[in-house]
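Asks: This is the content of query_38.cif (mmCIF, C-alpha atoms):
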data_protein
loop_
_atom_site.label_atom_id
_atom_site.label_comp_id
_atom_site.auth_asym_id
_atom_site.auth_seq_id
_atom_site.Cartn_x
_atom_site.Cartn_y
_atom_site.Cartn_z
CA MET A 1 22.93 19.59 -15.73
CA GLN A 2 22.95 16.32 -13.86
CA ILE A 3 20.96 17.06 -10.72
CA ALA A 4 20.93 13.59 -9.20
CA PRO A 5 22.51 10.27 -10.01
CA PRO A 6 20.22 7.87 -11.87
CA ASP A 7 21.01 5.15 -9.36
CA PHE A 8 19.89 6.07 -5.85
CA ASP A 9 21.29 3.11 -3.95
CA PRO A 10 24.81 4.51 -3.45
CA LEU A 11 23.16 7.69 -2.28
CA PHE A 12 21.61 6.04 0.74
CA ALA A 13 24.54 3.77 1.39
CA ALA A 14 26.54 6.98 1.70
CA LEU A 15 24.13 8.13 4.39
CA ALA A 16 24.44 4.97 6.45
CA ASP A 17 27.38 6.50 8.36
CA HIS A 18 26.88 8.88 11.29
CA THR A 19 29.76 11.21 10.39
CA ARG A 20 28.62 11.46 6.79
CA ARG A 21 25.07 12.28 7.87
CA ASP A 22 26.50 15.01 10.09
CA ILE A 23 28.54 16.39 7.19
CA VAL A 24 25.38 16.50 5.05
CA ARG A 25 23.60 18.47 7.79
CA ARG A 26 26.46 20.94 8.21
CA ALA A 27 26.91 21.40 4.47
CA ILE A 28 23.31 22.57 3.96
CA SER A 29 24.46 26.12 4.78
CA ALA A 30 27.44 25.71 2.40
CA GLU A 31 29.82 27.76 4.51
CA GLU A 32 32.67 25.40 5.23
CA GLY A 33 35.39 23.76 3.24
CA VAL A 34 36.76 20.30 3.92
CA LEU A 35 39.35 21.70 6.33
CA GLU A 36 36.74 23.49 8.47
CA LEU A 37 34.44 20.47 8.39
CA ALA A 38 37.28 18.25 9.57
CA SER A 39 37.72 20.37 12.70
CA HIS A 40 34.34 19.13 14.01
CA TYR A 41 35.32 15.49 14.16
CA PRO A 42 37.78 13.58 16.31
CA MET A 43 39.47 12.01 13.30
CA SER A 44 42.18 12.85 10.83
CA PHE A 45 41.72 15.30 7.98
CA ALA A 46 42.33 12.41 5.58
CA ALA A 47 39.49 10.42 7.14
CA VAL A 48 37.06 13.33 6.79
CA GLN A 49 38.27 13.87 3.24
CA LYS A 50 37.42 10.25 2.52
CA HIS A 51 33.88 10.70 3.90
CA VAL A 52 33.43 13.81 1.78
CA ALA A 53 34.55 11.87 -1.29
CA VAL A 54 31.96 9.13 -0.64
CA LEU A 55 29.21 11.75 -0.31
CA GLU A 56 30.39 13.50 -3.44
CA ARG A 57 30.35 10.28 -5.46
CA ALA A 58 26.80 9.60 -4.22
CA GLY A 59 25.70 13.02 -5.51
CA LEU A 60 24.76 14.19 -2.01
CA ILE A 61 27.25 17.02 -1.83
CA THR A 62 29.19 19.11 -4.29
CA LYS A 63 32.25 21.29 -3.84
CA GLN A 64 31.54 24.83 -4.88
CA ARG A 65 34.02 27.61 -5.51
CA MET A 66 33.42 30.71 -3.37
CA GLY A 67 36.05 33.24 -4.40
CA ARG A 68 39.37 31.65 -3.49
CA ARG A 69 37.78 28.99 -1.29
CA LYS A 70 35.96 25.77 -2.05
CA VAL A 71 32.95 25.08 0.14
CA VAL A 72 31.04 21.84 0.55
CA ARG A 73 27.36 22.15 -0.30
CA THR A 74 24.54 19.65 0.25
CA ASN A 75 22.55 18.69 -2.81
CA LEU A 76 19.05 19.18 -1.42
CA GLU A 77 17.22 17.77 -4.44
CA ALA A 78 18.28 14.24 -3.57
CA LEU A 79 16.88 14.60 -0.06
CA LEU A 80 13.69 16.22 -1.33
CA VAL A 81 12.95 13.23 -3.52
CA ALA A 82 13.17 11.00 -0.46
CA ARG A 83 10.80 13.26 1.49
CA ARG A 84 8.23 13.33 -1.30
CA LEU A 85 8.20 9.56 -1.52
CA LEU A 86 7.88 9.12 2.25
CA ASP A 87 4.93 11.56 2.20
CA GLN A 88 3.22 9.46 -0.46
CA TYR A 89 3.91 6.34 1.53
CA GLU A 90 2.31 7.93 4.60
CA GLU A 91 -0.85 8.60 2.56
CA LEU A 92 -0.90 4.99 1.40
CA TRP A 93 -0.78 3.71 4.99
CA ARG A 94 -3.33 6.25 6.22
CA ALA A 95 -5.76 4.93 3.60
CA ARG A 96 -5.02 1.36 4.71
CA ILE A 97 -5.64 2.26 8.34
CA ASP A 98 -8.97 3.84 7.35
CA ARG A 99 -9.93 0.58 5.66
CA MET A 100 -8.86 -1.38 8.75
CA ASN A 101 -11.15 0.81 10.83
CA GLU A 102 -14.08 0.21 8.51
CA LEU A 103 -13.46 -3.50 8.67
CA ILE A 104 -13.33 -3.43 12.47
CA ALA A 105 -16.51 -1.34 12.71
CA GLU A 106 -18.24 -3.80 10.40
CA THR A 107 -17.40 -6.78 12.59
CA ALA A 108 -17.83 -4.96 15.92
CA GLY A 109 -20.05 -6.86 18.29
CA ALA A 110 -19.68 -10.01 16.28
CA ILE A 111 -17.53 -12.54 18.06
CA ASP A 112 -14.96 -14.19 15.86
CA THR A 113 -15.53 -17.85 16.50
CA VAL A 114 -13.76 -19.13 13.42
CA ASP A 115 -10.13 -19.89 14.17
CA THR A 116 -8.66 -18.68 10.90
CA LYS A 117 -5.18 -19.85 11.88
CA GLU A 118 -6.41 -23.38 11.24
CA SER A 119 -7.41 -22.71 7.65
CA LYS A 120 -4.99 -24.29 5.25
CA GLU A 121 -4.28 -23.52 1.63
CA MET B 1 -8.07 10.40 14.65
CA THR B 2 -6.91 6.84 14.49
CA VAL B 3 -3.38 7.61 13.42
CA THR B 4 -1.55 8.72 16.56
CA ALA B 5 2.00 9.21 15.28
CA VAL B 6 3.95 9.39 12.04
CA LEU B 7 7.72 9.37 11.99
CA LYS B 8 9.74 9.85 8.83
CA ASP B 9 13.47 9.37 8.68
CA LEU B 10 14.66 10.88 5.40
CA GLN B 11 18.16 9.58 5.67
CA ARG B 12 17.32 6.05 6.76
CA LEU B 13 14.29 5.96 4.41
CA THR B 14 12.01 4.78 7.15
CA LEU B 15 8.34 5.50 7.73
CA THR B 16 6.81 4.57 11.06
CA ILE B 17 3.08 5.01 11.50
CA GLU B 18 1.18 4.35 14.71
CA ALA B 19 -2.56 3.95 15.02
CA GLU B 20 -5.00 3.11 17.81
CA PHE B 21 -8.15 1.08 17.35
CA ASP B 22 -11.19 0.48 19.53
CA ALA B 23 -10.85 -3.26 19.37
CA PRO B 24 -9.06 -5.93 21.37
CA VAL B 25 -5.58 -7.13 20.37
CA GLU B 26 -6.85 -10.39 18.88
CA ARG B 27 -9.14 -8.62 16.42
CA ILE B 28 -6.30 -6.37 15.26
CA TRP B 29 -4.04 -9.39 14.92
CA GLN B 30 -6.61 -11.01 12.65
CA LEU B 31 -6.29 -8.08 10.23
CA TRP B 32 -2.88 -9.57 9.38
CA ALA B 33 -3.38 -13.22 10.24
CA ASP B 34 -6.54 -13.79 8.21
CA PRO B 35 -5.78 -13.41 4.48
CA ARG B 36 -9.47 -12.72 3.73
CA LYS B 37 -9.35 -9.75 6.12
CA LEU B 38 -5.90 -8.70 4.95
CA GLU B 39 -7.00 -8.41 1.34
CA ARG B 40 -9.87 -6.15 2.34
CA TRP B 41 -7.52 -3.40 3.50
CA TRP B 42 -4.19 -3.94 1.73
CA GLY B 43 -5.15 -2.61 -1.67
CA PRO B 44 -7.37 0.38 -2.44
CA PRO B 45 -10.86 -0.32 -3.88
CA THR B 46 -9.45 0.54 -7.29
CA TYR B 47 -6.62 -1.98 -6.94
CA PRO B 48 -7.87 -4.79 -4.70
CA ALA B 49 -5.38 -7.34 -3.38
CA THR B 50 -5.72 -11.11 -3.55
CA PHE B 51 -3.54 -13.26 -1.33
CA THR B 52 -2.81 -16.57 -3.00
CA LYS B 53 -0.42 -17.83 -0.33
CA HIS B 54 -0.41 -16.84 3.32
CA ASP B 55 1.86 -18.88 5.54
CA LEU B 56 2.29 -16.58 8.52
CA ALA B 57 4.97 -18.59 10.32
CA PRO B 58 8.71 -17.99 10.65
CA GLY B 59 10.27 -18.99 7.33
CA GLY B 60 6.84 -18.88 5.70
CA ARG B 61 5.82 -16.97 2.64
CA ILE B 62 3.04 -14.63 1.61
CA GLU B 63 2.18 -14.09 -2.05
CA TYR B 64 -0.35 -11.65 -3.42
CA HIS B 65 -1.35 -9.66 -6.44
CA MET B 66 -3.25 -6.46 -6.97
CA THR B 67 -5.65 -6.15 -9.87
CA GLY B 68 -6.42 -2.92 -11.65
CA ARG B 69 -9.62 -2.00 -13.47
CA ALA B 70 -8.05 -2.84 -16.80
CA GLY B 71 -7.30 -6.32 -15.50
CA ASP B 72 -3.60 -5.56 -15.10
CA GLN B 73 -1.94 -7.32 -12.19
CA ALA B 74 0.97 -6.36 -9.99
CA HIS B 75 2.51 -9.18 -7.95
CA GLY B 76 4.24 -8.99 -4.60
CA TYR B 77 5.64 -11.32 -1.97
CA TRP B 78 6.77 -11.31 1.65
CA ASP B 79 9.14 -13.67 3.40
CA VAL B 80 8.04 -14.07 6.98
CA LEU B 81 11.08 -13.47 9.19
CA GLU B 82 9.48 -13.32 12.62
CA VAL B 83 6.03 -13.98 14.02
CA GLU B 84 4.93 -13.69 17.64
CA PRO B 85 1.14 -13.96 17.77
CA PRO B 86 -0.65 -11.76 18.53
CA ARG B 87 1.87 -8.93 18.83
CA ARG B 88 4.70 -8.98 16.35
CA ILE B 89 5.39 -9.64 12.65
CA VAL B 90 8.54 -8.95 10.63
CA LEU B 91 8.26 -9.28 6.86
CA ARG B 92 10.76 -8.76 4.08
CA GLY B 93 9.82 -8.71 0.45
CA GLY B 94 9.13 -6.83 -2.70
CA ILE B 95 7.92 -7.16 -6.25
CA ALA B 96 7.26 -10.64 -7.63
CA ASN B 97 6.95 -12.08 -11.11
CA ALA B 98 3.57 -13.34 -12.33
CA ASP B 99 4.41 -16.86 -11.05
CA GLY B 100 5.04 -15.54 -7.53
CA THR B 101 8.83 -15.84 -7.59
CA PRO B 102 10.70 -12.76 -6.37
CA ASN B 103 11.75 -10.31 -9.04
CA THR B 104 15.45 -10.26 -8.21
CA ASP B 105 16.04 -7.05 -10.16
CA THR B 106 13.98 -5.07 -7.68
CA PRO B 107 14.94 -3.98 -4.17
CA ILE B 108 13.69 -5.57 -0.98
CA SER B 109 12.01 -3.66 1.82
CA THR B 110 11.15 -4.59 5.41
CA ILE B 111 7.95 -4.16 7.42
CA ARG B 112 7.84 -4.52 11.20
CA VAL B 113 4.41 -4.68 12.81
CA GLY B 114 3.88 -4.32 16.54
CA ILE B 115 0.51 -4.75 18.25
CA GLU B 116 -0.11 -3.94 21.91
CA GLU B 117 -3.00 -3.28 24.24
CA VAL B 118 -3.10 0.30 25.54
CA ALA B 119 -6.32 -0.07 27.53
CA GLN B 120 -9.17 -2.53 27.83
CA GLY B 121 -10.48 -3.00 24.30
CA ARG B 122 -8.07 -0.46 22.86
CA THR B 123 -5.10 -1.55 20.77
CA ARG B 124 -2.11 0.26 19.32
CA MET B 125 -0.50 -0.93 16.12
CA SER B 126 2.82 0.39 14.87
CA ILE B 127 4.06 -0.29 11.37
CA GLU B 128 7.65 0.44 10.44
CA ASN B 129 8.61 0.40 6.76
CA VAL B 130 12.29 0.39 5.90
CA PHE B 131 13.36 0.92 2.31
CA PRO B 132 16.80 0.30 0.83
CA SER B 133 16.43 3.08 -1.73
CA THR B 134 14.06 5.68 -3.12
CA GLU B 135 13.70 3.41 -6.14
CA ALA B 136 12.27 0.71 -3.88
CA MET B 137 9.73 3.18 -2.51
CA GLU B 138 8.69 4.16 -6.00
CA GLN B 139 8.07 0.57 -6.99
CA VAL B 140 6.00 -0.24 -3.94
CA LEU B 141 3.98 2.95 -4.32
CA ALA B 142 3.33 2.13 -7.96
CA MET B 143 1.55 -1.06 -6.94
CA GLY B 144 -1.27 0.74 -5.18
CA THR B 145 -2.09 3.47 -7.62
CA GLU B 146 -4.82 3.68 -10.19
CA GLU B 147 -2.38 5.14 -12.68
CA GLY B 148 -0.37 1.96 -12.51
CA GLN B 149 3.28 1.37 -12.78
CA SER B 150 4.17 3.27 -15.91
CA GLN B 151 3.39 6.65 -14.46
CA ALA B 152 5.21 6.06 -11.22
CA VAL B 153 8.35 5.05 -13.03
CA SER B 154 8.57 8.53 -14.48
CA GLN B 155 7.67 10.11 -11.16
CA ILE B 156 11.19 10.75 -9.95
CA ASP B 157 11.98 12.58 -13.15
CA ALA B 158 8.92 14.78 -12.69
CA ILE B 159 9.83 15.55 -9.09
CA LEU B 160 13.38 16.40 -10.03
CA ALA B 161 12.20 18.63 -12.85
CA GLU B 162 9.85 20.43 -10.47
CA GLU B 163 12.57 20.99 -7.87
CA THR B 164 14.82 22.39 -10.57
CA ILE B 165 12.21 24.91 -11.67
CA GLN B 166 11.74 26.08 -8.08
CA ARG B 167 15.41 26.87 -7.71
#
Rewrite the coordinates I just gave you, this time as structure tokens.

Replies:
Amino acid sequence: MQIAPPDFDPLFAALADHTRRDIVRRAISAEEGVLELASHYPMSFAAVQKHVAVLERAGLITKQRMGRRKVVRTNLEALLVARRLLDQYEELWRARIDRMNELIAETAGAIDTVDTKESKE
Amino acid sequence: MTVTAVLKDLQRLTLTIEAEFDAPVERIWQLWADPRKLERWWGPPTYPATFTKHDLAPGGRIEYHMTGRAGDQAHGYWDVLEVEPPRRIVLRGGIANADGTPNTDTPISTIRVGIEEVAQGRTRMSIENVFPSTEAMEQVLAMGTEEGQSQAVSQIDAILAEETIQR
């Protein structure tokens, strides 16, 4: 089973639009079809359908059969990957900030008299 | 705690981290403006950074590499978009080839740094990182890890596999 597209760029381009982000949020509970989703937005059914198609192509949502209906469901795995990476990035910056603090503590009291902006390559 | 706020936007792939330091604005500015100071905090002790070019002026360029214990090097660059000493820097860049030229196959991310005085001798720094894709985040993360790039490349696969098992 293909759980996420190998190329993630279209995924986040798909999320650059406010309506599409809202659709992704609503579709987490996977209760509504395209018709019900369309009722939330001041735009035509066709326009909402187009947004859904963009999200579907990006792998962010899938249409799932529920009895006689088809509901739109958010593909959470794609969003979880993004969260995991942002968490790692937070750790990276926290470690950098710790090192900044050490550096500042080390030079505390010492007055920087050297104007480093003047140093040339 | 030095870090005062962390904001993650999953959909816009943005991490904003805010920290406060007991030091005046100028000293915090020097952490970025002085390449010798910059390289003491940019890379972890296991992957120290060396800045070979550091032209912190609008239109300028910053080039660096990080060296692992095995002698392996990962290169990176920043184009300097905006500089307002001592309070603002906007950089855009990514992975570079060994000669310092941008690796055009890899995505470009943006860093916005803001520095402001919150009280006498106390300075707040905010760093906003904006990524174009999760792939871009992976590549940047891979530069600062002891395991090196090869492991991080397979990281997404591992995460996806794990999420699948949990379902």

Asks: If the cut-off is 8 Å, can you tell me the residues of chain B near chain A, counting all atoms listed in the file? I'd like them as a ChimeraX atom specification.

Replies: /B:2-3,6,8,10-15,17,19,21,23,27,31,33-34,37,40-44,53-54,132-135,137-138,141,144,156,159-160,163

Asks: Now that the selection is made, can you save its residues with C-alpha atoms as a short mmCIF file (atom, residue, chain, number, x, y, z; two decimals), in the frame of the given file?

Replies:
data_model
loop_
_atom_site.label_atom_id
_atom_site.label_comp_id
_atom_site.auth_asym_id
_atom_site.auth_seq_id
_atom_site.Cartn_x
_atom_site.Cartn_y
_atom_site.Cartn_z
CA THR B 2 -6.91 6.84 14.49
CA VAL B 3 -3.38 7.61 13.42
CA VAL B 6 3.95 9.39 12.04
CA LYS B 8 9.74 9.85 8.83
CA LEU B 10 14.66 10.88 5.40
CA GLN B 11 18.16 9.58 5.67
CA ARG B 12 17.32 6.05 6.76
CA LEU B 13 14.29 5.96 4.41
CA THR B 14 12.01 4.78 7.15
CA LEU B 15 8.34 5.50 7.73
CA ILE B 17 3.08 5.01 11.50
CA ALA B 19 -2.56 3.95 15.02
CA PHE B 21 -8.15 1.08 17.35
CA ALA B 23 -10.85 -3.26 19.37
CA ARG B 27 -9.14 -8.62 16.42
CA LEU B 31 -6.29 -8.08 10.23
CA ALA B 33 -3.38 -13.22 10.24
CA ASP B 34 -6.54 -13.79 8.21
CA LYS B 37 -9.35 -9.75 6.12
CA ARG B 40 -9.87 -6.15 2.34
CA TRP B 41 -7.52 -3.40 3.50
CA TRP B 42 -4.19 -3.94 1.73
CA GLY B 43 -5.15 -2.61 -1.67
CA PRO B 44 -7.37 0.38 -2.44
CA LYS B 53 -0.42 -17.83 -0.33
CA HIS B 54 -0.41 -16.84 3.32
CA PRO B 132 16.80 0.30 0.83
CA SER B 133 16.43 3.08 -1.73
CA THR B 134 14.06 5.68 -3.12
CA GLU B 135 13.70 3.41 -6.14
CA MET B 137 9.73 3.18 -2.51
CA GLU B 138 8.69 4.16 -6.00
CA LEU B 141 3.98 2.95 -4.32
CA GLY B 144 -1.27 0.74 -5.18
CA ILE B 156 11.19 10.75 -9.95
CA ILE B 159 9.83 15.55 -9.09
CA LEU B 160 13.38 16.40 -10.03
CA GLU B 163 12.57 20.99 -7.87
#

Asks: Compile the contact shell of Ala38 (chain A) as a PyMOL selection string: residues with an atom at most 12 Å away, counting all atoms listed in the file, same-chain residues fewer than 2 positions apart removed.

Replies: chain A and resi 19-20+22-23+26-27+32-36+40-52+72

Asks: I would like the residues chosen by the PyMOL selection byres ((chain B and resi 108-118) around 6) on the shown file; could you give them as a VMD selection string?

Replies: chain B and resid 87 to 94 107 119 122 to 131

Asks: Just the number, please: distance in Å from CA of Tyr47 (chain B) to CA of Asn103 (chain B), one decimal.

Replies: 20.3 Å

Asks: To one decimal place, how far is CA of Arg36 (chain B) from CA of Gly100 (chain B) in Å?

Replies: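 Those two atoms sit 18.6 Å apart.
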
Asks: Can you measure CA of Thr74 (chain A) to CA of Ile61 (chain A) for me? One decimal in Å is fine.

Replies: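 A separation of 4.3 Å between them.
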